[in-house]
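Peer 1: Enclosed is the structure file final_28.pdb (PDB, C-alpha atoms, pLDDT in the B column).
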ATOM      1  CA  MET P  18      79.947  97.672 113.011  1.00 72.00           C
ATOM      2  CA  THR P  19      78.817 101.301 112.804  1.00 85.00           C
ATOM      3  CA  ILE P  20      81.098 104.124 113.916  1.00 92.00           C
ATOM      4  CA  SER P  21      79.523 107.541 114.315  1.00 95.00           C
ATOM      5  CA  VAL P  22      81.321 110.730 113.402  1.00 97.00           C
ATOM      6  CA  LYS P  23      81.142 111.755 117.067  1.00 97.00           C
ATOM      7  CA  ASP P  24      82.788 108.518 118.208  1.00 96.00           C
ATOM      8  CA  ALA P  25      85.437 108.769 115.503  1.00 97.00           C
ATOM      9  CA  LEU P  26      86.312 112.308 116.550  1.00 98.00           C
ATOM     10  CA  THR P  27      86.541 111.183 120.175  1.00 97.00           C
ATOM     11  CA  ILE P  28      89.035 108.501 119.175  1.00 97.00           C
ATOM     12  CA  LEU P  29      91.023 110.919 117.018  1.00 98.00           C
ATOM     13  CA  ASN P  30      91.176 113.540 119.754  1.00 97.00           C
ATOM     14  CA  ALA P  31      92.246 110.962 122.334  1.00 97.00           C
ATOM     15  CA  ALA P  32      95.347 110.217 120.263  1.00 96.00           C
ATOM     16  CA  ALA P  33      96.478 113.860 120.036  1.00 96.00           C
ATOM     17  CA  GLU P  34     100.127 114.629 120.774  1.00 95.00           C
ATOM     18  CA  PRO P  35     100.669 117.673 123.011  1.00 95.00           C
ATOM     19  CA  GLY P  36     102.074 120.626 121.073  1.00 94.00           C
ATOM     20  CA  ARG P  37     101.800 118.952 117.674  1.00 96.00           C
ATOM     21  CA  SER P  38      98.729 120.860 116.500  1.00 96.00           C
ATOM     22  CA  GLU P  39     100.550 124.200 116.655  1.00 95.00           C
ATOM     23  CA  GLN P  40     103.446 122.769 114.670  1.00 96.00           C
ATOM     24  CA  MET P  41     101.062 121.423 112.046  1.00 96.00           C
ATOM     25  CA  ARG P  42      99.226 124.725 111.693  1.00 95.00           C
ATOM     26  CA  ALA P  43     102.538 126.525 111.140  1.00 95.00           C
ATOM     27  CA  TYR P  44     103.676 123.911 108.606  1.00 95.00           C
ATOM     28  CA  HIS P  45     100.506 123.623 106.512  1.00 95.00           C
ATOM     29  CA  LYS P  46      99.674 127.347 106.668  1.00 92.00           C
ATOM     30  CA  VAL P  47      95.920 126.786 106.275  1.00 95.00           C
ATOM     31  CA  ASP P  48      93.507 128.169 108.832  1.00 94.00           C
ATOM     32  CA  ARG P  49      91.606 125.170 110.205  1.00 96.00           C
ATOM     33  CA  HIS P  50      91.559 123.059 113.333  1.00 97.00           C
ATOM     34  CA  TYR P  51      94.414 120.584 113.768  1.00 97.00           C
ATOM     35  CA  ILE P  52      94.121 117.842 116.354  1.00 98.00           C
ATOM     36  CA  GLY P  53      97.819 117.033 116.382  1.00 97.00           C
ATOM     37  CA  LEU P  54      98.111 113.514 114.956  1.00 97.00           C
ATOM     38  CA  SER P  55     100.746 111.821 112.845  1.00 95.00           C
ATOM     39  CA  ASN P  56      99.833 110.462 109.446  1.00 94.00           C
ATOM     40  CA  LEU P  57     100.556 106.975 110.801  1.00 96.00           C
ATOM     41  CA  VAL P  58      97.858 107.307 113.468  1.00 96.00           C
ATOM     42  CA  CYS P  59      95.289 108.449 110.903  1.00 97.00           C
ATOM     43  CA  ASN P  60      96.270 105.604 108.604  1.00 96.00           C
ATOM     44  CA  ASP P  61      96.056 102.958 111.332  1.00 97.00           C
ATOM     45  CA  LEU P  62      92.627 104.125 112.470  1.00 97.00           C
ATOM     46  CA  ALA P  63      91.292 104.339 108.917  1.00 97.00           C
ATOM     47  CA  THR P  64      92.637 100.847 108.162  1.00 96.00           C
ATOM     48  CA  GLN P  65      90.876  99.409 111.201  1.00 96.00           C
ATOM     49  CA  TRP P  66      87.618 101.225 110.440  1.00 96.00           C
ATOM     50  CA  ARG P  67      87.711  99.996 106.833  1.00 94.00           C
ATOM     51  CA  LYS P  68      87.849  96.441 108.146  1.00 92.00           C
ATOM     52  CA  ASP P  69      85.121  96.941 110.719  1.00 92.00           C
ATOM     53  CA  THR P  70      82.626  98.988 108.694  1.00 92.00           C
ATOM     54  CA  GLY P  71      80.449  98.159 105.721  1.00 91.00           C
ATOM     55  CA  LEU P  72      80.737 100.317 102.636  1.00 92.00           C
ATOM     56  CA  ASP P  73      77.544 102.316 103.139  1.00 92.00           C
ATOM     57  CA  ASP P  74      78.422 103.128 106.741  1.00 94.00           C
ATOM     58  CA  ARG P  75      81.984 103.914 105.702  1.00 94.00           C
ATOM     59  CA  LEU P  76      80.755 106.401 103.125  1.00 95.00           C
ATOM     60  CA  THR P  77      78.575 108.057 105.752  1.00 96.00           C
ATOM     61  CA  LEU P  78      81.489 108.229 108.177  1.00 97.00           C
ATOM     62  CA  ALA P  79      83.878 109.579 105.549  1.00 97.00           C
ATOM     63  CA  GLY P  80      81.393 112.215 104.442  1.00 98.00           C
ATOM     64  CA  GLY P  81      80.743 113.300 108.010  1.00 98.00           C
ATOM     65  CA  LEU P  82      84.413 113.507 108.916  1.00 98.00           C
ATOM     66  CA  TRP P  83      85.084 115.584 105.818  1.00 98.00           C
ATOM     67  CA  GLN P  84      82.384 118.082 106.724  1.00 98.00           C
ATOM     68  CA  THR P  85      84.059 118.851 110.068  1.00 98.00           C
ATOM     69  CA  ASN P  86      86.891 120.616 108.189  1.00 97.00           C
ATOM     70  CA  ILE P  87      89.328 119.275 110.785  1.00 98.00           C
ATOM     71  CA  PHE P  88      92.652 118.436 109.150  1.00 98.00           C
ATOM     72  CA  GLU P  89      93.070 114.918 110.524  1.00 98.00           C
ATOM     73  CA  ALA P  90      89.375 114.171 110.051  1.00 98.00           C
ATOM     74  CA  ARG P  91      89.668 114.985 106.355  1.00 98.00           C
ATOM     75  CA  ILE P  92      92.855 112.945 106.024  1.00 98.00           C
ATOM     76  CA  THR P  93      91.147 110.004 107.721  1.00 98.00           C
ATOM     77  CA  ALA P  94      88.040 110.412 105.564  1.00 98.00           C
ATOM     78  CA  ALA P  95      90.188 110.076 102.463  1.00 98.00           C
ATOM     79  CA  LYS P  96      92.007 107.048 103.828  1.00 97.00           C
ATOM     80  CA  LEU P  97      88.689 105.342 104.532  1.00 97.00           C
ATOM     81  CA  LEU P  98      88.139 105.188 100.762  1.00 96.00           C
ATOM     82  CA  VAL P  99      91.565 103.845  99.753  1.00 95.00           C
ATOM     83  CA  GLN P 100      90.540 100.434  98.474  1.00 90.00           C
ATOM     84  CA  ALA P 101      91.623  98.742  95.266  1.00 84.00           C
ATOM     85  CA  ARG P 102      88.530  96.591  94.740  1.00 88.00           C
ATOM     86  CA  ILE P 103      85.029  97.749  95.523  1.00 87.00           C
ATOM     87  CA  LYS P 104      82.244  95.517  94.239  1.00 80.00           C
ATOM     88  CA  PRO P 105      80.173  96.678  92.610  1.00 78.00           C
ATOM     89  CA  ASP P 106      82.210  99.701  91.584  1.00 82.00           C
ATOM     90  CA  ASP P 107      79.126 101.700  90.635  1.00 77.00           C
ATOM     91  CA  THR P 108      78.891 102.748  94.282  1.00 82.00           C
ATOM     92  CA  PRO P 109      78.922 106.453  95.270  1.00 92.00           C
ATOM     93  CA  VAL P 110      82.638 106.332  96.216  1.00 95.00           C
ATOM     94  CA  TRP P 111      83.793 108.097  93.051  1.00 96.00           C
ATOM     95  CA  GLU P 112      81.009 110.661  93.376  1.00 96.00           C
ATOM     96  CA  LEU P 113      81.939 111.365  97.017  1.00 97.00           C
ATOM     97  CA  ILE P 114      85.593 111.844  96.081  1.00 97.00           C
ATOM     98  CA  GLN P 115      84.627 114.294  93.346  1.00 97.00           C
ATOM     99  CA  SER P 116      82.344 116.207  95.710  1.00 97.00           C
ATOM    100  CA  TRP P 117      85.316 116.957  97.952  1.00 98.00           C
ATOM    101  CA  MET P 118      87.467 118.498  95.264  1.00 97.00           C
ATOM    102  CA  PRO P 119      86.130 122.081  95.468  1.00 97.00           C
ATOM    103  CA  ASP P 120      87.182 122.009  99.136  1.00 97.00           C
ATOM    104  CA  PHE P 121      90.818 121.202  98.384  1.00 97.00           C
ATOM    105  CA  ASP P 122      93.035 123.949  99.771  1.00 96.00           C
ATOM    106  CA  SER P 123      96.299 122.198 100.619  1.00 95.00           C
ATOM    107  CA  TRP P 124      98.585 119.643  99.044  1.00 96.00           C
ATOM    108  CA  ALA P 125      98.371 117.274 102.022  1.00 96.00           C
ATOM    109  CA  ILE P 126      94.606 116.880 101.902  1.00 97.00           C
ATOM    110  CA  ALA P 127      94.524 116.850  98.092  1.00 97.00           C
ATOM    111  CA  ASP P 128      97.159 114.106  97.974  1.00 98.00           C
ATOM    112  CA  ALA P 129      95.372 112.010 100.603  1.00 97.00           C
ATOM    113  CA  VAL P 130      92.196 112.082  98.524  1.00 98.00           C
ATOM    114  CA  ALA P 131      94.221 111.346  95.390  1.00 98.00           C
ATOM    115  CA  MET P 132      95.281 108.001  96.850  1.00 97.00           C
ATOM    116  CA  ALA P 133      91.621 106.984  96.966  1.00 97.00           C
ATOM    117  CA  GLY P 134      90.885 108.535  93.575  1.00 97.00           C
ATOM    118  CA  GLN P 135      93.739 106.676  91.893  1.00 97.00           C
ATOM    119  CA  ARG P 136      92.160 103.343  92.828  1.00 96.00           C
ATOM    120  CA  ARG P 137      88.824 104.327  91.340  1.00 96.00           C
ATOM    121  CA  LEU P 138      90.425 105.474  88.091  1.00 97.00           C
ATOM    122  CA  VAL P 139      92.399 102.254  87.729  1.00 96.00           C
ATOM    123  CA  ALA P 140      89.223 100.294  88.476  1.00 95.00           C
ATOM    124  CA  ASP P 141      87.393 102.149  85.697  1.00 95.00           C
ATOM    125  CA  PRO P 142      89.663 104.069  83.282  1.00 96.00           C
ATOM    126  CA  ARG P 143      86.605 105.482  81.536  1.00 96.00           C
ATOM    127  CA  ARG P 144      86.579 107.987  84.365  1.00 97.00           C
ATOM    128  CA  LEU P 145      89.549 109.659  82.693  1.00 98.00           C
ATOM    129  CA  ASP P 146      86.923 111.452  80.586  1.00 98.00           C
ATOM    130  CA  VAL P 147      85.818 113.218  83.773  1.00 97.00           C
ATOM    131  CA  VAL P 148      89.405 113.928  84.817  1.00 98.00           C
ATOM    132  CA  GLU P 149      90.137 115.572  81.489  1.00 98.00           C
ATOM    133  CA  GLY P 150      87.572 118.214  82.381  1.00 98.00           C
ATOM    134  CA  TRP P 151      89.563 119.059  85.496  1.00 98.00           C
ATOM    135  CA  THR P 152      92.444 120.255  83.332  1.00 98.00           C
ATOM    136  CA  GLN P 153      90.365 123.310  82.395  1.00 97.00           C
ATOM    137  CA  SER P 154      89.400 124.166  85.961  1.00 98.00           C
ATOM    138  CA  ASP P 155      90.100 127.589  87.438  1.00 97.00           C
ATOM    139  CA  HIS P 156      90.562 125.882  90.809  1.00 97.00           C
ATOM    140  CA  LEU P 157      94.270 125.247  91.333  1.00 98.00           C
ATOM    141  CA  TRP P 158      93.860 122.017  93.285  1.00 98.00           C
ATOM    142  CA  THR P 159      91.326 120.518  90.883  1.00 98.00           C
ATOM    143  CA  LYS P 160      93.600 121.273  87.948  1.00 98.00           C
ATOM    144  CA  ARG P 161      96.566 119.754  89.779  1.00 98.00           C
ATOM    145  CA  ALA P 162      94.496 116.670  90.677  1.00 98.00           C
ATOM    146  CA  ALA P 163      94.300 115.657  87.012  1.00 98.00           C
ATOM    147  CA  LEU P 164      97.973 114.681  87.156  1.00 98.00           C
ATOM    148  CA  VAL P 165      98.171 113.487  90.753  1.00 98.00           C
ATOM    149  CA  PHE P 166      95.144 111.208  90.367  1.00 98.00           C
ATOM    150  CA  THR P 167      96.597 109.673  87.205  1.00 98.00           C
ATOM    151  CA  LEU P 168     100.042 108.762  88.546  1.00 98.00           C
ATOM    152  CA  PRO P 169      99.345 105.010  88.175  1.00 97.00           C
ATOM    153  CA  TRP P 170      99.663 105.428  84.393  1.00 98.00           C
ATOM    154  CA  CYS P 171     103.305 106.425  84.674  1.00 95.00           C
ATOM    155  CA  LYS P 172     104.220 103.339  86.699  1.00 92.00           C
ATOM    156  CA  GLN P 173     103.488 100.525  84.231  1.00 89.00           C
ATOM    157  CA  ARG P 174     106.707  98.989  82.915  1.00 84.00           C
ATOM    158  CA  HIS P 175     104.981  96.978  80.170  1.00 91.00           C
ATOM    159  CA  PRO P 176     101.775  98.904  79.484  1.00 94.00           C
ATOM    160  CA  LYS P 177      99.019  97.449  77.343  1.00 95.00           C
ATOM    161  CA  PRO P 178      97.937  99.378  74.231  1.00 96.00           C
ATOM    162  CA  GLU P 179      95.040 101.005  76.053  1.00 97.00           C
ATOM    163  CA  GLU P 180      97.368 102.010  78.881  1.00 97.00           C
ATOM    164  CA  ILE P 181      99.813 103.535  76.400  1.00 96.00           C
ATOM    165  CA  ALA P 182      96.941 105.493  74.890  1.00 97.00           C
ATOM    166  CA  ALA P 183      95.933 106.762  78.332  1.00 98.00           C
ATOM    167  CA  ARG P 184      99.541 107.683  79.129  1.00 98.00           C
ATOM    168  CA  THR P 185      99.817 109.626  75.887  1.00 97.00           C
ATOM    169  CA  ARG P 186      96.564 111.392  76.640  1.00 98.00           C
ATOM    170  CA  ILE P 187      97.756 112.434  80.105  1.00 98.00           C
ATOM    171  CA  LEU P 188     101.095 113.613  78.738  1.00 98.00           C
ATOM    172  CA  GLY P 189      99.080 115.897  76.474  1.00 98.00           C
ATOM    173  CA  TRP P 190      97.555 117.476  79.556  1.00 98.00           C
ATOM    174  CA  ALA P 191     101.017 117.799  81.081  1.00 98.00           C
ATOM    175  CA  ALA P 192     102.280 119.505  77.938  1.00 98.00           C
ATOM    176  CA  ASP P 193      99.521 122.112  78.243  1.00 98.00           C
ATOM    177  CA  TYR P 194     100.364 122.546  81.935  1.00 98.00           C
ATOM    178  CA  THR P 195     103.938 123.561  81.122  1.00 98.00           C
ATOM    179  CA  ASN P 196     102.526 126.938  80.063  1.00 97.00           C
ATOM    180  CA  ASP P 197     101.027 127.505  83.513  1.00 98.00           C
ATOM    181  CA  PRO P 198     103.462 129.406  85.783  1.00 97.00           C
ATOM    182  CA  GLU P 199     101.779 128.280  89.032  1.00 98.00           C
ATOM    183  CA  TRP P 200     104.337 126.451  91.212  1.00 98.00           C
ATOM    184  CA  PHE P 201     102.063 123.570  92.187  1.00 97.00           C
ATOM    185  CA  ILE P 202     101.075 122.948  88.565  1.00 98.00           C
ATOM    186  CA  GLN P 203     104.697 122.932  87.440  1.00 98.00           C
ATOM    187  CA  LYS P 204     105.513 120.622  90.346  1.00 98.00           C
ATOM    188  CA  SER P 205     102.749 118.212  89.313  1.00 98.00           C
ATOM    189  CA  VAL P 206     104.200 117.984  85.795  1.00 98.00           C
ATOM    190  CA  ALA P 207     107.664 117.363  87.186  1.00 98.00           C
ATOM    191  CA  TRP P 208     106.325 114.700  89.577  1.00 98.00           C
ATOM    192  CA  TRP P 209     104.546 112.846  86.758  1.00 98.00           C
ATOM    193  CA  LEU P 210     107.593 112.944  84.486  1.00 98.00           C
ATOM    194  CA  ARG P 211     110.008 111.940  87.235  1.00 98.00           C
ATOM    195  CA  ASP P 212     107.925 108.866  88.066  1.00 97.00           C
ATOM    196  CA  LEU P 213     107.514 108.017  84.385  1.00 97.00           C
ATOM    197  CA  SER P 214     111.271 108.235  83.880  1.00 97.00           C
ATOM    198  CA  LYS P 215     111.684 105.146  86.064  1.00 96.00           C
ATOM    199  CA  LYS P 216     109.783 103.072  83.498  1.00 95.00           C
ATOM    200  CA  ASP P 217     109.982 104.997  80.222  1.00 95.00           C
ATOM    201  CA  PRO P 218     112.948 107.383  80.247  1.00 96.00           C
ATOM    202  CA  ASP P 219     112.948 107.884  76.483  1.00 96.00           C
ATOM    203  CA  THR P 220     109.449 109.326  76.523  1.00 96.00           C
ATOM    204  CA  VAL P 221     110.450 111.721  79.280  1.00 98.00           C
ATOM    205  CA  ARG P 222     113.520 112.818  77.333  1.00 98.00           C
ATOM    206  CA  SER P 223     111.346 113.450  74.291  1.00 98.00           C
ATOM    207  CA  PHE P 224     108.820 115.415  76.364  1.00 98.00           C
ATOM    208  CA  LEU P 225     111.541 117.578  77.898  1.00 98.00           C
ATOM    209  CA  ALA P 226     113.073 118.215  74.484  1.00 98.00           C
ATOM    210  CA  ASP P 227     109.720 119.450  73.188  1.00 98.00           C
ATOM    211  CA  HIS P 228     108.270 121.165  76.240  1.00 98.00           C
ATOM    212  CA  GLY P 229     111.112 121.599  78.722  1.00 97.00           C
ATOM    213  CA  PRO P 230     111.798 125.202  77.628  1.00 97.00           C
ATOM    214  CA  ASN P 231     108.293 126.138  78.817  1.00 97.00           C
ATOM    215  CA  MET P 232     108.863 124.680  82.267  1.00 98.00           C
ATOM    216  CA  LYS P 233     110.251 126.457  85.289  1.00 98.00           C
ATOM    217  CA  PRO P 234     113.922 125.558  85.910  1.00 98.00           C
ATOM    218  CA  PHE P 235     113.126 123.755  89.166  1.00 98.00           C
ATOM    219  CA  ALA P 236     110.495 121.630  87.373  1.00 98.00           C
ATOM    220  CA  GLN P 237     112.860 120.743  84.539  1.00 98.00           C
ATOM    221  CA  LYS P 238     115.490 119.700  87.043  1.00 97.00           C
ATOM    222  CA  GLU P 239     113.062 117.596  89.069  1.00 98.00           C
ATOM    223  CA  ALA P 240     111.596 115.908  85.989  1.00 98.00           C
ATOM    224  CA  ALA P 241     115.068 114.909  84.782  1.00 97.00           C
ATOM    225  CA  ARG P 242     116.476 114.001  88.186  1.00 97.00           C
ATOM    226  CA  LEU P 243     116.417 110.224  87.621  1.00 97.00           C
ATOM    227  CA  LEU P 244     117.500 110.292  84.002  1.00 96.00           C
ATOM    228  CA  THR P 245     121.042 109.101  83.295  1.00 79.00           C
TER
END
Since I need it in another form, could you write the structure as structure tokens?

Peer 2:
Amino acid sequence: MTISVKDALTILNAAAEPGRSEQMRAYHKVDRHYIGLSNLVCNDLATQWRKDTGLDDRLTLAGGLWQTNIFEARITAAKLLVQARIKPDDTPVWELIQSWMPDFDSWAIADAVAMAGQRRLVADPRRLDVVEGWTQSDHLWTKRAALVFTLPWCKQRHPKPEEIAARTRILGWAADYTNDPEWFIQKSVAWWLRDLSKKDPDTVRSFLADHGPNMKPFAQKEAARLLT
């Protein structure tokens, strides 16, 4: 089944909730068109379209929706690519995700894309070499993505040696980030450490002992929130 961008937008617009678009614009504080849809609606539509559409057509649809610069269209585009197994995984999915990154301008869109990106990194951890380059980016959202895309590595309770090595590598990026005063960068460090503390609290305690003084107070507090 092929779904055109025009048809997808018609379906998205038909589900709009009266008055919601104005609320969303005020909340997200980014100047773009908002249809007025809940995240659940976008997720349900993307889930159905993933089932009904082949990968090539899905990539075309996702790319077209992204180019509209409509909030819900971009969220849905990202959700179209959230798939754990893609065979073969040398498809253009990872390249399409990367092509969107310069357009990131809000946490909501960046995090939606990160959910798709996380799957591609887990599928091929060699892509961490690319992610490491993001840590030197002058673009706030690309730099932040290095930690948000790699959150799966803080959730393994019994990591394999190669996963421990990747975790250590990412914590090195986080340590460098503690010197960045930008709120969203500090928040990304705190988020990574907080999630890691559920599985490896001792490592988080050690990190905070070494690098906590460089962090903003709110980030220190958030990182340590689940430690006992």

Peer 1: For a quick check of understanding, using only C-alpha atoms, which of P:Asp122, P:Asp107, P:Asp212, P:Glu199 has the smallest distance to Arg137 in chain P?

Peer 2: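 For Arg137 in chain P, the nearest of the given residues is P:Asp107.
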
Peer 1: List the neighbours of Ala31 in chain P out to 10 Å using only C-alpha atoms; skip same-chain residues closer than 6 positions along the sequence, and give me the result as a list in words.

Peer 2: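 The contact residues come out as Ala25, Ile52 and Leu54 of chain P.
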
Peer 1: Could you please determine the separation between CA of Val99 in chain P and CA of Arg211 in chain P in Å, to one decimal place?

Peer 2: 23.7 Å

Peer 1: Just checking: using all atoms listed in the file, which residue out of P:Thr220, P:Ser123, P:Asn231, P:Thr152 ends up closest to Phe88 in chain P?

Peer 2: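 Checking each candidate against Phe88 in chain P, we get P:Ser123 as the closest.
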
Peer 1: Could you tell me which residues the PyMOL selection byres ((chain P and resi 245) around 10) grabs in this file, written as a list in words?

Peer 2: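 Applying the PyMOL selection byres ((chain P and resi 245) around 10) to the structure shown produces Ser214, Pro218, Ala241, Arg242, Leu243 and Leu244 of chain P.
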
Peer 1: Write out as a ChimeraX atom specification each polymer residue whose atoms come within 9 Å of Met18 in chain P, counting all atoms listed in the file; drop sequence neighbours fewer than 6 positions from it.

Peer 2: /P:66,69-71,74

Peer 1: Enumerate, as a list in words, the residues matched when the PyMOL selection byres ((chain P and resi 168-175) around 7) is run on the file above.

Peer 2: Gln135, Leu164, Val165, Phe166, Thr167, Pro176, Lys177, Glu180, Arg184, Trp209, Asp212, Leu213 and Lys216 of chain P

Peer 1: How many Å lie between CA of Ser154 in chain P and CA of Thr185 in chain P, rounded to one decimal?

Peer 2: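 Here the two named atoms are 20.5 Å from each other.
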
Peer 1: Between P:Val148, P:Gly81, P:Gly53, P:Ser21, which one has atoms that come closest to Pro35 in chain P, using only C-alpha atoms?

Peer 2: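 Selected residue with least distance to Pro35 in chain P: P:Gly53.
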
Peer 1: Enumerate, as a VMD selection string, the residues matched when the PyMOL selection byres ((chain P and resi 32) around 12) is run on the file above.

Peer 2: chain P and resid 25 to 31 33 to 35 37 to 38 52 to 59 61 to 62 89

Peer 1: State, in Å with one decimal place, the distance from CA of Ile202 in chain P to CA of Arg161 in chain P.

Peer 2: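 Answer for the CA of Ile202 in chain P to CA of Arg161 in chain P separation: 5.7 Å.
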
Peer 1: Out of P:Arg186, P:Leu97, P:Ile92, P:Glu39, which residue has the shortest atom-to-atom distance to Ala63 in chain P when counting all atoms listed in the file?

Peer 2: P:Leu97

Peer 1: Do you know which residues are at most 12 Å from Leu76 in chain P counting all atoms listed in the file, after dropping those on the same chain fewer than 3 positions away, and could you put them as a list of chain:residue names?

Peer 2: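 Non-adjacent residues within range: P:Thr19, P:Ile20, P:Ser21, P:Val22, P:Trp66, P:Arg67, P:Thr70, P:Gly71, P:Leu72, P:Asp73, P:Ala79, P:Gly80, P:Gly81, P:Leu82, P:Trp83, P:Thr93, P:Ala94, P:Ala95, P:Lys96, P:Leu97, P:Leu98, P:Val99, P:Thr108, P:Pro109, P:Val110, P:Trp111, P:Glu112, P:Leu113, P:Ile114.
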
Peer 1: Excluding Trp200 in chain P and residues on its chain fewer than 2 positions from it, collect all residues at most 10 Å away from it, counting all atoms listed in the file, and give them as number ranges by chain.

Peer 2: P: 197-198, 202-205, 233, 235-236

Peer 1: May I have the residues at most 12 Å from (95.1, 128.1, 109.4) in the file's coordinates, counting all atoms listed in the file, as a ChimeraX atom specification?

Peer 2: /P:38-51,86-88,122-123

Peer 1: Tell me which of P:Ala240, P:Ala90, P:Val147, P:Leu225 sits closest to Leu210 in chain P, counting only C-alpha atoms.

Peer 2: P:Ala240

Peer 1: Point out the residue among P:Arg75, P:Arg222, P:Lys68, P:Arg144 with the least atom-to-atom distance to Gln115 in chain P, counting only C-alpha atoms.

Peer 2: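 Closest to Gln115 in chain P of all the choices is P:Arg144.
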
Peer 1: Excluding range 118-120 of chain P and any residue of its chain fewer than 4 positions from it, enumerate the residues within 9 Å of it, using only C-alpha atoms, and give them as a count of residues only.

Peer 2: 7

Peer 1: Write out N, CA, C and O atoms for range 171-183 of chain P, as a PDB file, keeping the file's coordinate frame.

Peer 2:
ATOM      1  N   CYS P 171     101.880 106.232  84.968  1.00 95.00           N
ATOM      2  CA  CYS P 171     103.305 106.425  84.674  1.00 95.00           C
ATOM      3  C   CYS P 171     104.148 105.341  85.350  1.00 95.00           C
ATOM      4  O   CYS P 171     105.376 105.393  85.306  1.00 95.00           O
ATOM      5  N   LYS P 172     103.489 104.348  85.936  1.00 92.00           N
ATOM      6  CA  LYS P 172     104.220 103.339  86.699  1.00 92.00           C
ATOM      7  C   LYS P 172     104.171 101.948  86.073  1.00 92.00           C
ATOM      8  O   LYS P 172     104.681 100.991  86.647  1.00 92.00           O
ATOM      9  N   GLN P 173     103.580 101.830  84.894  1.00 89.00           N
ATOM     10  CA  GLN P 173     103.488 100.525  84.231  1.00 89.00           C
ATOM     11  C   GLN P 173     104.729 100.309  83.366  1.00 89.00           C
ATOM     12  O   GLN P 173     104.996 101.085  82.453  1.00 89.00           O
ATOM     13  N   ARG P 174     105.478  99.256  83.672  1.00 84.00           N
ATOM     14  CA  ARG P 174     106.707  98.989  82.915  1.00 84.00           C
ATOM     15  C   ARG P 174     106.392  98.414  81.533  1.00 84.00           C
ATOM     16  O   ARG P 174     107.077  98.697  80.552  1.00 84.00           O
ATOM     17  N   HIS P 175     105.369  97.579  81.442  1.00 91.00           N
ATOM     18  CA  HIS P 175     104.981  96.978  80.170  1.00 91.00           C
ATOM     19  C   HIS P 175     103.499  97.275  79.932  1.00 91.00           C
ATOM     20  O   HIS P 175     102.655  96.373  80.012  1.00 91.00           O
ATOM     21  N   PRO P 176     103.184  98.524  79.624  1.00 94.00           N
ATOM     22  CA  PRO P 176     101.775  98.904  79.484  1.00 94.00           C
ATOM     23  C   PRO P 176     101.109  98.254  78.280  1.00 94.00           C
ATOM     24  O   PRO P 176     101.740  98.032  77.240  1.00 94.00           O
ATOM     25  N   LYS P 177      99.822  97.964  78.443  1.00 95.00           N
ATOM     26  CA  LYS P 177      99.019  97.449  77.343  1.00 95.00           C
ATOM     27  C   LYS P 177      98.685  98.605  76.394  1.00 95.00           C
ATOM     28  O   LYS P 177      98.852  99.774  76.741  1.00 95.00           O
ATOM     29  N   PRO P 178      98.235  98.299  75.194  1.00 96.00           N
ATOM     30  CA  PRO P 178      97.937  99.378  74.231  1.00 96.00           C
ATOM     31  C   PRO P 178      97.000 100.441  74.787  1.00 96.00           C
ATOM     32  O   PRO P 178      97.219 101.642  74.562  1.00 96.00           O
ATOM     33  N   GLU P 179      95.969 100.016  75.498  1.00 97.00           N
ATOM     34  CA  GLU P 179      95.040 101.005  76.053  1.00 97.00           C
ATOM     35  C   GLU P 179      95.688 101.846  77.152  1.00 97.00           C
ATOM     36  O   GLU P 179      95.337 103.013  77.348  1.00 97.00           O
ATOM     37  N   GLU P 180      96.649 101.260  77.851  1.00 97.00           N
ATOM     38  CA  GLU P 180      97.368 102.010  78.881  1.00 97.00           C
ATOM     39  C   GLU P 180      98.346 102.996  78.246  1.00 97.00           C
ATOM     40  O   GLU P 180      98.542 104.098  78.765  1.00 97.00           O
ATOM     41  N   ILE P 181      98.945 102.611  77.134  1.00 96.00           N
ATOM     42  CA  ILE P 181      99.813 103.535  76.400  1.00 96.00           C
ATOM     43  C   ILE P 181      98.993 104.710  75.878  1.00 96.00           C
ATOM     44  O   ILE P 181      99.428 105.873  75.947  1.00 96.00           O
ATOM     45  N   ALA P 182      97.808 104.422  75.385  1.00 97.00           N
ATOM     46  CA  ALA P 182      96.941 105.493  74.890  1.00 97.00           C
ATOM     47  C   ALA P 182      96.566 106.454  76.016  1.00 97.00           C
ATOM     48  O   ALA P 182      96.563 107.682  75.821  1.00 97.00           O
ATOM     49  N   ALA P 183      96.274 105.905  77.190  1.00 98.00           N
ATOM     50  CA  ALA P 183      95.933 106.762  78.332  1.00 98.00           C
ATOM     51  C   ALA P 183      97.142 107.593  78.759  1.00 98.00           C
ATOM     52  O   ALA P 183      97.013 108.786  79.064  1.00 98.00           O
TER      53      ALA P 183
END
